[in-house]
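Asks: Starting off with a structure, shown below.
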There are 2 protein chains.
Amino acid sequence: MTLNSHDAPDSTTTRILDVAERLVQTRGFNGFSYADIAAEVGITKASLHYHFATKAELGRTLIVRYTQAFESALDRISAKRADERLCAYVKLYADVLANERMCLCGMVAAEYGTLPAQMQEAIRVFFEFNESWLARLLEQGKREGCLSVRVAPHEAARMLVGALEGEMLVARAYGDPGRFASAAKLLLAQLQISGKSAPASTSARTRARRLPGRARPARAKVARAPRAKNA
Amino acid sequence: MTLNSHDAPDSTTTRILDVAERLVQTRGFNGFSYADIAAEVGITKASLHYHFATKAELGRTLIVRYTQAFESALDRISAKRADERLCAYVKLYADVLANERMCLCGMVAAEYGTLPAQMQEAIRVFFEFNESWLARLLEQGKREGCLSVRVAPHEAARMLVGALEGEMLVARAYGDPGRFASAAKLLLAQLQISGKSAPASTSARTRARRLPGRARPARAKVARAPRAKNA
DNA sequence: GATTGTCTATCAACTAGTAGGTAGATACAA
DNA sequence: TTGTATCTACCTACTAGTTGATAGACAATC
């Protein structure tokens, strides 16, 4: 089967994807092996290859699934006011970080040049989806008068997506979600109409709402961190 | 010798570092091997180990050298007005991107969890240096009245560093430095006092001023991109 | 001036371990 | 009896790192 996500939520395929997703988000696509996944799922490498013939295919599936999860998460927050939805969008990122993970697509974007074409394409789709969703949001907020958008919405959207990815990247190196929260607040400040919208409540205390970064905060494995004799 | 950078600019050690630097910036620390460097420099792996006993040591040296190069680049632009220096700071990033590279420290920040402690520490030093340099700049710009800083300078500085790293990350996936330029312009806009400072001229046409991303735009090798049978 | 020793930089050939991937068998269910 | 899902056992290529040797440069000593 491989890529259809309409199989049982605890099927082997799903368990493989969940483990692999966490490994990509914490170690990068080049930072783990089939052996790592197999050990954690409790099957052999050969069985893994039955579900995903190549690592490239597994990687592509992960990105597509992640994008879909993001899409449905955004669908779920579509009923509110534009400025509130913007905060909810940022909170999606904060929740991923609260699970000690990097955004899956931000992570693989760093490794972009080393990845097979099928993964590269899927990564661009993720960003394009995010940017167009955000651009529409900003336009709407401007129309509604609840957001202050002084530049082309699609440019502001692009800027926001890149900035949020970067804030995650750095915050994760410091193991400090607070860094992300305060940076996100500043990024949103320039869009907020003073005295109208709620404060950018992106604080990362709100742990594990688990959306595009599910699974337990576990880190268990520590697998294969270069054994650095002379650390 | 190994880490003292006061050896001839085309010594073997320096050539190793230059090649390794480019590989880290384009493929990540886990995306290349000693064999890749050795082949490109034209020595054997064993000789490589003579200069850098372990890959971890090589990695740490790269980060320290990159930080030093950044420091002296910033020293060199210290005589101007604060808002101009801010533009020059952003241009440093744009120049790296123009060489089809990611910021070395942004790149390894993504792989943070897989890196030896000595490298992790060096990464944090880079970001702390950048943030404190920028915070001082913002304070000064505020005093001089040429920058509009409405929040704590160190918070704005942190936000800027993270945002710039993220903009690089995404722009590089699209192979489009223009994305970075336009995002950077928006980021600086909120700090600029309208009608006073020069426009954020971070355009990436200005290729290869080669500072913390030297070397030719070459890509030659294409080494070891997962051979993705079924791409 | 030849001889000796030391240091630097390099090499070929190796190790142990891991990478992604394959072949062929087996158990079970529809 | 066909398809699904798994296994054991293996493959080749590559990983970081080691060993022991060697060549040349320099300096001190005979």
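Naming works like this for the structure tokens: A, B, ... for the chains as they're shown, residue 1 at the start of each chain, ligands 1 onward in shown order.
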Just the residues within 10 Å of region 15-29 of chain D, please, counting only C-alpha atoms (C1' of nucleotides), with nothing from its chain fewer than 4 positions along; format it as a PyMOL selection string.

Replies: (chain A and resi 226-228) or (chain B and resi 33-35+45-46+49+53-55) or (chain C and resi 3-19)

Asks: Please, which residues in chain A fall within 9 Å of chain D when counting only C-alpha atoms (C1' of nucleotides), and what is the closest atom pair and distance in Å to one decimal for each, ordered by chain then residue number, as CSV?

Replies:
```
residue,atom,partner,partner_atom,distance
A:Ile43,CA,D:DT6,C1',8.2
A:Thr44,CA,D:DC7,C1',7.8
A:Ala46,CA,D:DC7,C1',8.2
A:Ser47,CA,D:DT6,C1',6.3
A:Tyr50,CA,D:DA5,C1',8.2
```

Asks: If you run DSSP on the backbone here, which positions in region 36-226 of chain B get alpha helix (DSSP H)? Please write them as number ranges by chain.

Replies: B: 36-41, 45-51, 55-76, 82-98, 104-110, 117-144, 153-173, 177-189

Asks: Taking only C-alpha atoms into account, find every residue of chain A that has an atom no more than 7 Å from chain B, and write it out as a PDB file with N, CA and C atoms, in the first residue's frame.

Replies:
```
ATOM      1  N   THR A  26      13.638  15.646  14.470  1.00  0.00           N
ATOM      2  CA  THR A  26      14.635  15.877  15.509  1.00  0.00           C
ATOM      3  C   THR A  26      16.069  15.713  15.012  1.00  0.00           C
ATOM      4  N   ARG A  27      16.276  14.860  13.979  1.00  0.00           N
ATOM      5  CA  ARG A  27      17.637  14.567  13.544  1.00  0.00           C
ATOM      6  C   ARG A  27      17.895  14.910  12.076  1.00  0.00           C
ATOM      7  N   GLY A  28      16.845  15.205  11.319  1.00  0.00           N
ATOM      8  CA  GLY A  28      17.018  15.454   9.899  1.00  0.00           C
ATOM      9  C   GLY A  28      16.939  14.161   9.111  1.00  0.00           C
ATOM     10  N   ASN A  30      18.932  12.981   6.855  1.00  0.00           N
ATOM     11  CA  ASN A  30      20.218  12.292   6.763  1.00  0.00           C
ATOM     12  C   ASN A  30      20.745  11.868   8.139  1.00  0.00           C
ATOM     13  N   GLY A  31      19.957  12.089   9.166  1.00  0.00           N
ATOM     14  CA  GLY A  31      20.437  11.848  10.524  1.00  0.00           C
ATOM     15  C   GLY A  31      19.922  10.565  11.155  1.00  0.00           C
ATOM     16  N   ALA A  56      13.789   7.285   0.006  1.00  0.00           N
ATOM     17  CA  ALA A  56      13.263   8.449  -0.704  1.00  0.00           C
ATOM     18  C   ALA A  56      11.739   8.425  -0.716  1.00  0.00           C
ATOM     19  N   MET A 107      12.997  21.453   8.414  1.00  0.00           N
ATOM     20  CA  MET A 107      14.159  20.591   8.601  1.00  0.00           C
ATOM     21  C   MET A 107      14.678  20.076   7.263  1.00  0.00           C
ATOM     22  N   ALA A 109      14.117  21.264   4.413  1.00  0.00           N
ATOM     23  CA  ALA A 109      14.528  22.381   3.555  1.00  0.00           C
ATOM     24  C   ALA A 109      16.024  22.640   3.722  1.00  0.00           C
ATOM     25  N   ALA A 110      16.530  22.433   4.948  1.00  0.00           N
ATOM     26  CA  ALA A 110      17.955  22.637   5.188  1.00  0.00           C
ATOM     27  C   ALA A 110      18.791  21.634   4.392  1.00  0.00           C
ATOM     28  N   GLU A 111      18.265  20.420   4.280  1.00  0.00           N
ATOM     29  CA  GLU A 111      18.995  19.348   3.592  1.00  0.00           C
ATOM     30  C   GLU A 111      18.651  19.300   2.108  1.00  0.00           C
ATOM     31  N   TYR A 112      17.902  20.292   1.659  1.00  0.00           N
ATOM     32  CA  TYR A 112      17.315  20.299   0.317  1.00  0.00           C
ATOM     33  C   TYR A 112      18.228  19.748  -0.773  1.00  0.00           C
ATOM     34  N   GLY A 113      19.463  20.246  -0.818  1.00  0.00           N
ATOM     35  CA  GLY A 113      20.384  19.878  -1.897  1.00  0.00           C
ATOM     36  C   GLY A 113      20.772  18.412  -1.924  1.00  0.00           C
ATOM     37  N   THR A 114      20.581  17.713  -0.818  1.00  0.00           N
ATOM     38  CA  THR A 114      20.985  16.300  -0.750  1.00  0.00           C
ATOM     39  C   THR A 114      19.805  15.361  -0.998  1.00  0.00           C
ATOM     40  N   LEU A 115      18.624  15.918  -1.199  1.00  0.00           N
ATOM     41  CA  LEU A 115      17.415  15.088  -1.253  1.00  0.00           C
ATOM     42  C   LEU A 115      17.023  14.728  -2.685  1.00  0.00           C
ATOM     43  N   PRO A 116      16.370  13.571  -2.853  1.00  0.00           N
ATOM     44  CA  PRO A 116      15.877  13.165  -4.171  1.00  0.00           C
ATOM     45  C   PRO A 116      14.787  14.113  -4.650  1.00  0.00           C
ATOM     46  N   ALA A 117      14.649  14.224  -5.968  1.00  0.00           N
ATOM     47  CA  ALA A 117      13.736  15.187  -6.579  1.00  0.00           C
ATOM     48  C   ALA A 117      12.313  15.079  -6.050  1.00  0.00           C
ATOM     49  N   GLN A 118      11.850  13.850  -5.837  1.00  0.00           N
ATOM     50  CA  GLN A 118      10.466  13.680  -5.382  1.00  0.00           C
ATOM     51  C   GLN A 118      10.230  14.346  -4.027  1.00  0.00           C
ATOM     52  N   MET A 159       7.277  36.229   3.882  1.00  0.00           N
ATOM     53  CA  MET A 159       8.193  36.658   4.931  1.00  0.00           C
ATOM     54  C   MET A 159       7.875  35.924   6.236  1.00  0.00           C
ATOM     55  N   GLY A 162       8.959  32.097   6.269  1.00  0.00           N
ATOM     56  CA  GLY A 162      10.401  31.962   6.431  1.00  0.00           C
ATOM     57  C   GLY A 162      10.854  32.336   7.826  1.00  0.00           C
ATOM     58  N   ALA A 163      10.336  33.441   8.325  1.00  0.00           N
ATOM     59  CA  ALA A 163      10.741  33.925   9.643  1.00  0.00           C
ATOM     60  C   ALA A 163      10.373  32.916  10.723  1.00  0.00           C
ATOM     61  N   LEU A 164       9.156  32.393  10.660  1.00  0.00           N
ATOM     62  CA  LEU A 164       8.727  31.427  11.679  1.00  0.00           C
ATOM     63  C   LEU A 164       9.601  30.180  11.651  1.00  0.00           C
ATOM     64  N   GLU A 165       9.932  29.710  10.462  1.00  0.00           N
ATOM     65  CA  GLU A 165      10.813  28.542  10.355  1.00  0.00           C
ATOM     66  C   GLU A 165      12.159  28.825  11.025  1.00  0.00           C
ATOM     67  N   GLY A 166      12.694  29.995  10.752  1.00  0.00           N
ATOM     68  CA  GLY A 166      13.984  30.355  11.324  1.00  0.00           C
ATOM     69  C   GLY A 166      13.943  30.495  12.829  1.00  0.00           C
ATOM     70  N   GLU A 167      12.865  31.081  13.336  1.00  0.00           N
ATOM     71  CA  GLU A 167      12.750  31.233  14.787  1.00  0.00           C
ATOM     72  C   GLU A 167      12.689  29.866  15.460  1.00  0.00           C
ATOM     73  N   LEU A 169      14.077  27.140  14.283  1.00  0.00           N
ATOM     74  CA  LEU A 169      15.409  26.572  14.120  1.00  0.00           C
ATOM     75  C   LEU A 169      16.332  26.992  15.265  1.00  0.00           C
ATOM     76  N   VAL A 170      16.360  28.294  15.509  1.00  0.00           N
ATOM     77  CA  VAL A 170      17.262  28.824  16.525  1.00  0.00           C
ATOM     78  C   VAL A 170      16.767  28.472  17.932  1.00  0.00           C
ATOM     79  N   ALA A 173      17.750  25.048  18.995  1.00  0.00           N
ATOM     80  CA  ALA A 173      19.156  24.895  19.370  1.00  0.00           C
ATOM     81  C   ALA A 173      19.366  25.300  20.828  1.00  0.00           C
ATOM     82  N   ALA A 183       9.791  35.989  19.744  1.00  0.00           N
ATOM     83  CA  ALA A 183      10.060  36.417  18.369  1.00  0.00           C
ATOM     84  C   ALA A 183       8.764  36.466  17.560  1.00  0.00           C
ATOM     85  N   ALA A 225      24.426   9.460  17.377  1.00  0.00           N
ATOM     86  CA  ALA A 225      25.065  10.765  17.392  1.00  0.00           C
ATOM     87  C   ALA A 225      26.555  10.484  17.294  1.00  0.00           C
ATOM     88  N   PRO A 226      27.203  11.011  16.244  1.00  0.00           N
ATOM     89  CA  PRO A 226      28.613  10.707  15.980  1.00  0.00           C
ATOM     90  C   PRO A 226      29.374  10.468  17.281  1.00  0.00           C
ATOM     91  N   ALA A 228      32.012  10.760  18.560  1.00  0.00           N
ATOM     92  CA  ALA A 228      32.869  11.834  19.048  1.00  0.00           C
ATOM     93  C   ALA A 228      33.804  11.461  20.193  1.00  0.00           C
ATOM     94  N   ALA A 231      35.233  14.538  22.525  1.00  0.00           N
ATOM     95  CA  ALA A 231      34.243  15.618  22.651  1.00  0.00           C
ATOM     96  C   ALA A 231      34.627  16.561  23.788  1.00  0.00           C
TER      97      ALA A 231
END
```
